[in-house]
$ cat work.txt   # compact mmCIF, C-alpha atoms
# COMPACT_ATOMS: atom_id res chain seq x y z
CA MET A 1 83.71 83.90 90.97
CA ALA A 2 82.05 87.12 92.04
CA LYS A 3 80.99 90.40 90.53
CA ILE A 4 80.18 93.98 91.46
CA THR A 5 77.86 96.54 89.93
CA ILE A 6 78.61 100.27 90.08
CA GLU A 7 75.91 102.91 89.61
CA LYS A 8 77.94 104.98 87.22
CA ASP A 9 76.02 108.26 87.47
CA ARG A 10 76.41 108.31 91.26
CA CYS A 11 80.16 107.76 91.15
CA LYS A 12 82.25 110.88 91.86
CA ALA A 13 85.52 109.24 90.80
CA CYS A 14 87.28 109.44 94.19
CA GLU A 15 89.03 106.18 93.21
CA PHE A 16 88.84 104.71 96.72
CA CYS A 17 87.48 101.43 95.27
CA ILE A 18 90.33 101.30 92.77
CA ILE A 19 92.92 102.01 95.49
CA TYR A 20 91.64 99.21 97.73
CA CYS A 21 90.85 96.56 95.06
CA LYS A 22 93.76 94.18 95.59
CA LYS A 23 93.00 92.38 92.33
CA GLY A 24 92.93 95.41 90.05
CA ALA A 25 89.43 94.57 88.85
CA ILE A 26 88.21 98.20 88.76
CA LYS A 27 89.40 101.15 86.67
CA LEU A 28 88.16 104.57 85.59
CA ASP A 29 85.92 104.59 82.52
CA LYS A 30 87.01 106.47 79.43
CA LYS A 31 83.52 107.92 79.03
CA LEU A 32 82.14 110.66 81.28
CA ASN A 33 79.03 110.15 83.43
CA LYS A 34 76.27 112.71 83.90
CA ARG A 35 78.29 114.40 86.67
CA GLY A 36 81.06 115.06 84.17
CA VAL A 37 83.63 112.74 85.76
CA HIS A 38 85.13 109.46 84.62
CA PRO A 39 83.34 106.92 86.85
CA ALA A 40 84.75 103.68 88.21
CA VAL A 41 83.92 100.65 86.10
CA PHE A 42 84.20 96.92 86.84
CA ILE A 43 86.47 95.30 84.25
CA ASP A 44 87.38 91.79 85.34
CA PRO A 45 84.87 89.24 86.73
CA ASP A 46 87.58 86.57 86.68
CA LYS A 47 89.70 88.46 89.19
CA CYS A 48 86.90 89.53 91.57
CA THR A 49 86.72 87.51 94.79
CA GLY A 50 83.73 89.35 96.30
CA CYS A 51 85.84 90.63 99.21
CA VAL A 52 83.55 93.75 99.43
CA MET A 53 86.50 96.10 100.16
CA CYS A 54 85.41 98.40 97.30
CA ALA A 55 81.82 98.53 98.57
CA ILE A 56 82.65 99.29 102.21
CA ILE A 57 85.01 102.17 101.32
CA CYS A 58 82.66 103.71 98.69
CA PRO A 59 81.43 107.07 100.09
CA GLU A 60 78.49 107.10 97.65
CA CYS A 61 77.29 103.59 98.55
CA CYS A 62 76.90 102.92 94.83
CA ILE A 63 78.57 99.50 94.66
CA GLU A 64 76.70 96.21 95.09
CA VAL A 65 78.56 92.92 95.42
CA PHE A 66 77.37 89.50 94.24
CA LYS A 67 78.95 86.17 95.09
CA MET B 1 74.77 84.63 92.64
CA ASP B 2 73.67 86.10 95.97
CA LYS B 3 73.85 89.76 96.80
CA VAL B 4 76.43 90.05 99.60
CA PHE B 5 76.59 93.83 99.88
CA THR B 6 73.94 96.45 99.27
CA ARG B 7 72.58 99.74 100.64
CA PRO B 8 71.07 99.44 104.16
CA ASN B 9 67.33 100.14 104.56
CA SER B 10 68.02 103.05 106.91
CA LEU B 11 69.89 104.88 104.15
CA ARG B 12 67.63 106.55 101.59
CA ASP B 13 68.22 105.98 97.92
CA ALA B 14 69.39 109.58 97.53
CA GLU B 15 72.44 111.14 95.93
CA THR B 16 74.54 113.02 98.46
CA HIS B 17 75.85 116.56 98.01
CA TYR B 18 79.29 115.67 99.42
CA CYS B 19 82.52 116.22 97.47
CA ALA B 20 84.41 113.34 95.88
CA GLY B 21 86.35 111.42 98.52
CA CYS B 22 84.48 112.93 101.49
CA GLY B 23 84.10 110.53 104.41
CA HIS B 24 80.60 111.65 105.44
CA GLY B 25 78.96 109.24 102.98
CA ILE B 26 80.79 106.30 104.56
CA VAL B 27 79.84 107.33 108.10
CA HIS B 28 76.19 107.87 107.09
CA ARG B 29 76.11 104.34 105.72
CA LEU B 30 77.74 102.85 108.84
CA VAL B 31 75.22 104.53 111.14
CA ALA B 32 72.39 103.20 108.94
CA GLU B 33 73.85 99.68 108.89
CA VAL B 34 74.24 99.56 112.68
CA ILE B 35 70.67 100.80 113.23
CA ASP B 36 69.34 98.18 110.81
CA GLU B 37 71.34 95.40 112.45
CA MET B 38 70.20 96.42 115.93
CA GLY B 39 66.58 96.60 114.71
CA LEU B 40 66.17 100.14 116.08
CA ARG B 41 64.95 102.06 113.02
CA GLU B 42 61.51 102.75 114.47
CA ARG B 43 63.02 103.89 117.77
CA THR B 44 65.86 106.08 116.55
CA ILE B 45 66.05 109.87 116.66
CA GLY B 46 69.12 111.47 115.09
CA ILE B 47 70.08 115.12 115.39
CA ALA B 48 71.82 116.69 112.41
CA PRO B 49 74.41 119.44 112.90
CA VAL B 50 75.20 122.65 111.11
CA GLY B 51 78.08 122.07 108.73
CA CYS B 52 78.57 119.84 105.71
CA ALA B 53 76.26 117.17 107.21
CA VAL B 54 73.40 119.65 107.70
CA LEU B 55 71.31 117.77 105.13
CA ALA B 56 71.82 114.37 106.81
CA TYR B 57 68.05 114.16 107.38
CA ASP B 58 67.62 113.86 103.62
CA TYR B 59 69.84 110.79 103.53
CA TRP B 60 68.69 108.74 106.53
CA ASN B 61 65.46 106.82 106.55
CA PHE B 62 64.58 107.33 110.22
CA ASP B 63 63.55 110.30 112.34
CA VAL B 64 66.12 113.09 112.24
CA THR B 65 65.79 116.61 113.58
CA GLU B 66 68.00 119.66 113.28
CA ALA B 67 69.59 121.89 115.92
CA ALA B 68 71.18 125.34 116.03
CA HIS B 69 74.92 125.35 115.37
CA GLY B 70 76.70 123.26 118.02
CA ARG B 71 73.59 122.73 120.13
CA THR B 72 72.86 119.14 119.13
CA PRO B 73 73.93 117.62 122.50
CA ALA B 74 71.53 120.00 124.28
CA VAL B 75 68.67 119.04 121.95
CA ALA B 76 69.60 115.35 122.34
CA THR B 77 69.51 115.76 126.12
CA GLY B 78 65.95 117.08 125.93
CA ILE B 79 64.73 114.37 123.57
CA LYS B 80 66.35 111.56 125.55
CA ARG B 81 64.94 112.75 128.86
CA VAL B 82 61.41 112.91 127.43
CA LEU B 83 61.71 109.66 125.44
CA PRO B 84 64.21 107.53 127.40
CA ASP B 85 63.52 104.33 125.44
CA ARG B 86 64.68 105.83 122.11
CA LEU B 87 68.12 105.65 120.57
CA VAL B 88 69.17 109.32 120.47
CA PHE B 89 72.37 110.28 118.71
CA THR B 90 73.94 113.47 117.43
CA TYR B 91 76.00 113.63 114.26
CA GLN B 92 78.50 116.49 114.36
CA GLY B 93 81.53 117.81 112.56
CA ASP B 94 84.55 119.34 114.22
CA GLY B 95 83.45 122.93 113.60
CA ASP B 96 80.08 122.19 115.14
CA LEU B 97 81.27 120.07 118.07
CA ALA B 98 84.75 121.40 118.88
CA ALA B 99 84.22 125.13 118.29
CA ILE B 100 80.76 126.64 118.67
CA GLY B 101 79.35 123.61 120.50
CA THR B 102 82.18 122.91 122.95
CA ALA B 103 80.17 123.99 125.99
CA GLU B 104 77.15 121.82 125.11
CA THR B 105 79.41 118.84 124.39
CA VAL B 106 81.45 119.11 127.58
CA HIS B 107 78.42 119.57 129.82
CA ALA B 108 76.39 116.78 128.18
CA ALA B 109 79.36 114.46 128.78
CA ASN B 110 79.86 115.72 132.32
CA ARG B 111 76.21 115.13 133.18
CA GLY B 112 76.59 111.62 131.79
CA GLU B 113 73.60 112.00 129.47
CA ASP B 114 72.51 108.73 127.93
CA ILE B 115 73.25 109.87 124.37
CA SER B 116 75.71 108.92 121.62
CA ILE B 117 77.77 111.41 119.67
CA ILE B 118 79.13 110.61 116.22
CA PHE B 119 81.92 113.15 115.84
CA VAL B 120 83.30 113.42 112.30
CA ASN B 121 86.70 115.12 112.51
CA ASN B 122 88.25 116.30 109.24
CA GLY B 123 90.16 119.23 110.71
CA VAL B 124 88.56 122.05 108.70
CA TYR B 125 85.30 123.94 108.30
CA GLY B 126 83.97 122.41 105.10
CA MET B 127 80.63 124.09 104.48
CA THR B 128 81.91 127.64 104.89
CA GLY B 129 84.95 127.30 102.68
CA GLY B 130 87.80 125.50 104.44
CA GLN B 131 88.64 127.83 107.32
CA MET B 132 90.77 126.70 110.27
CA ALA B 133 88.93 124.63 112.89
CA PRO B 134 90.09 124.03 116.49
CA THR B 135 91.11 120.55 115.30
CA THR B 136 93.26 121.76 112.38
CA LEU B 137 96.80 120.35 112.54
CA LEU B 138 99.80 122.56 113.28
CA GLU B 139 101.30 123.92 110.04
CA GLN B 140 98.19 122.89 108.10
CA LYS B 141 97.21 125.46 105.48
CA THR B 142 93.58 126.56 105.44
CA ALA B 143 91.66 129.56 104.08
CA THR B 144 92.32 131.47 107.33
CA THR B 145 95.83 130.13 107.96
CA PRO B 146 97.39 130.53 104.50
CA THR B 147 100.90 130.12 105.91
CA GLY B 148 99.90 127.18 108.13
CA ARG B 149 98.50 126.95 111.66
CA ASP B 150 100.90 128.55 114.11
CA LEU B 151 101.10 127.30 117.70
CA LYS B 152 101.66 130.70 119.22
CA ARG B 153 99.04 132.51 117.19
CA ASP B 154 96.33 129.83 116.85
CA GLY B 155 96.95 127.40 119.70
CA ALA B 156 97.35 123.63 119.45
CA PRO B 157 94.85 121.19 117.88
CA LEU B 158 92.02 120.52 120.33
CA LYS B 159 91.89 116.89 121.40
CA ILE B 160 88.23 116.62 122.28
CA SER B 161 88.20 112.86 122.91
CA GLU B 162 91.05 113.04 125.43
CA MET B 163 89.39 116.07 127.04
CA LEU B 164 86.05 114.32 127.52
CA ALA B 165 87.69 111.11 128.71
CA VAL B 166 88.66 112.72 132.02
CA LEU B 167 85.00 113.44 132.86
CA ASP B 168 83.26 110.95 135.14
CA GLY B 169 80.04 111.06 133.09
CA ALA B 170 81.67 109.76 129.90
CA VAL B 171 81.77 105.96 129.83
CA TYR B 172 82.95 105.10 126.32
CA ILE B 173 85.08 107.20 123.95
CA GLU B 174 86.93 105.85 120.93
CA ARG B 175 88.75 107.41 117.99
CA THR B 176 88.59 105.59 114.67
CA SER B 177 89.12 106.43 111.01
CA VAL B 178 87.40 105.77 107.68
CA HIS B 179 90.54 106.03 105.52
CA SER B 180 90.69 102.27 104.79
CA PRO B 181 88.35 99.24 104.72
CA ALA B 182 89.88 98.03 108.02
CA GLY B 183 89.26 101.45 109.54
CA VAL B 184 85.68 101.42 108.26
CA ASN B 185 85.06 98.05 109.93
CA LYS B 186 86.50 99.29 113.21
CA THR B 187 84.39 102.43 112.99
CA LYS B 188 81.25 100.34 112.52
CA LYS B 189 82.08 98.29 115.62
CA ALA B 190 82.69 101.49 117.59
CA ILE B 191 79.33 102.97 116.52
CA GLU B 192 77.64 99.71 117.49
CA ARG B 193 79.28 99.76 120.92
CA SER B 194 78.32 103.38 121.44
CA PHE B 195 74.65 102.70 120.59
CA GLN B 196 74.65 99.57 122.76
CA THR B 197 76.15 101.57 125.65
CA GLN B 198 73.22 103.95 125.36
CA MET B 199 70.56 101.23 125.08
CA ASP B 200 72.07 99.61 128.20
CA LYS B 201 71.62 103.00 129.94
CA LYS B 202 75.28 103.18 130.89
CA GLY B 203 75.79 106.86 130.06
CA PHE B 204 77.51 109.20 127.61
CA SER B 205 79.53 107.83 124.71
CA MET B 206 81.26 109.33 121.70
CA VAL B 207 82.99 107.99 118.60
CA GLU B 208 85.44 110.41 116.98
CA ILE B 209 85.92 109.48 113.32
CA ILE B 210 88.88 110.82 111.33
CA SER B 211 87.50 111.52 107.88
CA PRO B 212 89.04 112.82 104.64
CA CYS B 213 88.23 116.27 103.23
CA PRO B 214 90.24 116.32 99.98
CA THR B 215 88.64 119.56 98.75
CA TYR B 216 89.79 121.75 101.65
CA TRP B 217 93.02 119.93 102.31
CA GLY B 218 93.93 120.83 98.73
CA LEU B 219 94.68 117.19 97.93
CA THR B 220 93.32 114.50 95.65
CA PRO B 221 91.21 111.82 97.38
CA ARG B 222 94.14 109.42 96.96
CA GLU B 223 96.61 111.87 98.55
CA SER B 224 94.18 112.58 101.38
CA LEU B 225 94.31 108.92 102.50
CA LYS B 226 98.08 109.22 102.75
CA TRP B 227 97.79 112.53 104.63
CA ILE B 228 95.60 110.83 107.24
CA GLU B 229 98.12 108.04 107.77
CA GLU B 230 101.23 110.18 107.75
CA ARG B 231 100.07 113.38 109.42
CA ILE B 232 96.75 113.13 111.22
CA PHE B 233 97.46 109.94 113.18
CA LYS B 234 100.48 111.63 114.78
CA THR B 235 98.24 114.24 116.38
CA TYR B 236 95.14 112.07 116.75
CA PRO B 237 96.16 108.46 117.54
CA LEU B 238 93.43 105.86 117.12
CA GLY B 239 92.04 103.57 119.79
CA VAL B 240 89.70 103.31 122.74
CA ILE B 241 90.33 106.37 124.89
CA LYS B 242 87.85 105.54 127.65
CA GLY B 243 86.04 102.30 128.43
CA LYS B 244 88.71 99.74 127.55

$ encode --input "work.txt" --output "structure tokens"
Amino acid sequence: MAKITIEKDRCKACEFCIIYCKKGAIKLDKKLNKRGVHPAVFIDPDKCTGCVMCAIICPECCIEVFK
Amino acid sequence: MDKVFTRPNSLRDAETHYCAGCGHGIVHRLVAEVIDEMGLRERTIGIAPVGCAVLAYDYWNFDVTEAAHGRTPAVATGIKRVLPDRLVFTYQGDGDLAAIGTAETVHAANRGEDISIIFVNNGVYGMTGGQMAPTTLLEQKTATTPTGRDLKRDGAPLKISEMLAVLDGAVYIERTSVHSPAGVNKTKKAIERSFQTQMDKKGFSMVEIISPCPTYWGLTPRESLKWIEERIFKTYPLGVIKGK
């Protein structure tokens, strides 16, 4: 089991992490962040394998991965 | 649980000014990661361009200077000749490198200067509002080509990497992309090889990185990844162009 943390106020909602998460463990939050966008949010620790694909494609470098 | 991915030390804990889905943030991080892994942070001097990445010195945690538009290879030449043991690299966009700075780029490569160029190619002028760049694709719509780039009127996209590859002074030139995790990994390896080429005093090297600019392509970040795969790779194929 693995998990990620996303700094929500840094996220610009480009969705690259969502596009490349093969397990569908990330989605856009319903709430807005301080930038006024719906940030990416980690939803499923059971699915996450810690593959780091989301983190290496994140242009804001706001994802940390734990395994 | 152990932390398996985090921000590299050479990247400051700063929020970037880049648009959503812009590739600059990824390339900044890759450069920082490679410098950390090579243990060169105290010996690195970067040169920021004019363009969207003009504020790169605010994001990197090593010495970075600034140059006049397109003149980064000339400034890098001076720094490297005075301080030959440093890692000296320029970070340039396609407006900076392929338009106003073409002369500096070509002659730095031809002289075989021991410098590395990180060339971020997104095919438009970002900072000034999405005008056509020399690297803009044919038929691509920009602020100055509202009906699309026309071959007869505007010329063909400038293939800088292929151009420089014919020069004797250039020893390693590769084109990569940051549109996918696999592309990001390849880009990191290319940056590493370029920096190693310089530290081994082998001569001039450049990594051209295809990078998304959703804002001025008029696409969503998701659509811009598709655009890179379907359109850009036809004009700019990936791979090692010199130094196989």

$ residues_around --input "work.txt" --residues "stretch 16-33 of chain A" --least-positions-apart "6" --cutoff "8 Å" --atoms "only C-alpha atoms" --output "list of chain:residue names"
A:Lys8, A:Asp9, A:Pro39, A:Ala40, A:Val41, A:Phe42, A:Ile43, A:Asp44, A:Pro45, A:Lys47, A:Cys48, A:Met53, A:Cys54, A:Ala55, A:Ile57, A:Cys58, B:Gly21, B:Ser180, B:Pro181, B:Pro221, B:Arg222

$ interface_residues --input "work.txt" --of "chain A" --to "chain B" --cutoff "8 Å" --atoms "all atoms listed in the file" --output "count of residues only"
24

$ atom_distance --input "work.txt" --atom1 "atom CA of B:Asp36" --atom2 "atom CA of B:Asn122"
26.2 Å

$ closest_residue --input "work.txt" --among "B:Val88, B:Ile115, B:Leu158, B:Leu83" --to "B:Arg41" --atoms "all atoms listed in the file"
B:Val88

$ atom_distance --input "work.txt" --atom1 "atom CA of B:Ala170" --atom2 "atom CA of B:Ser205"
5.9 Å
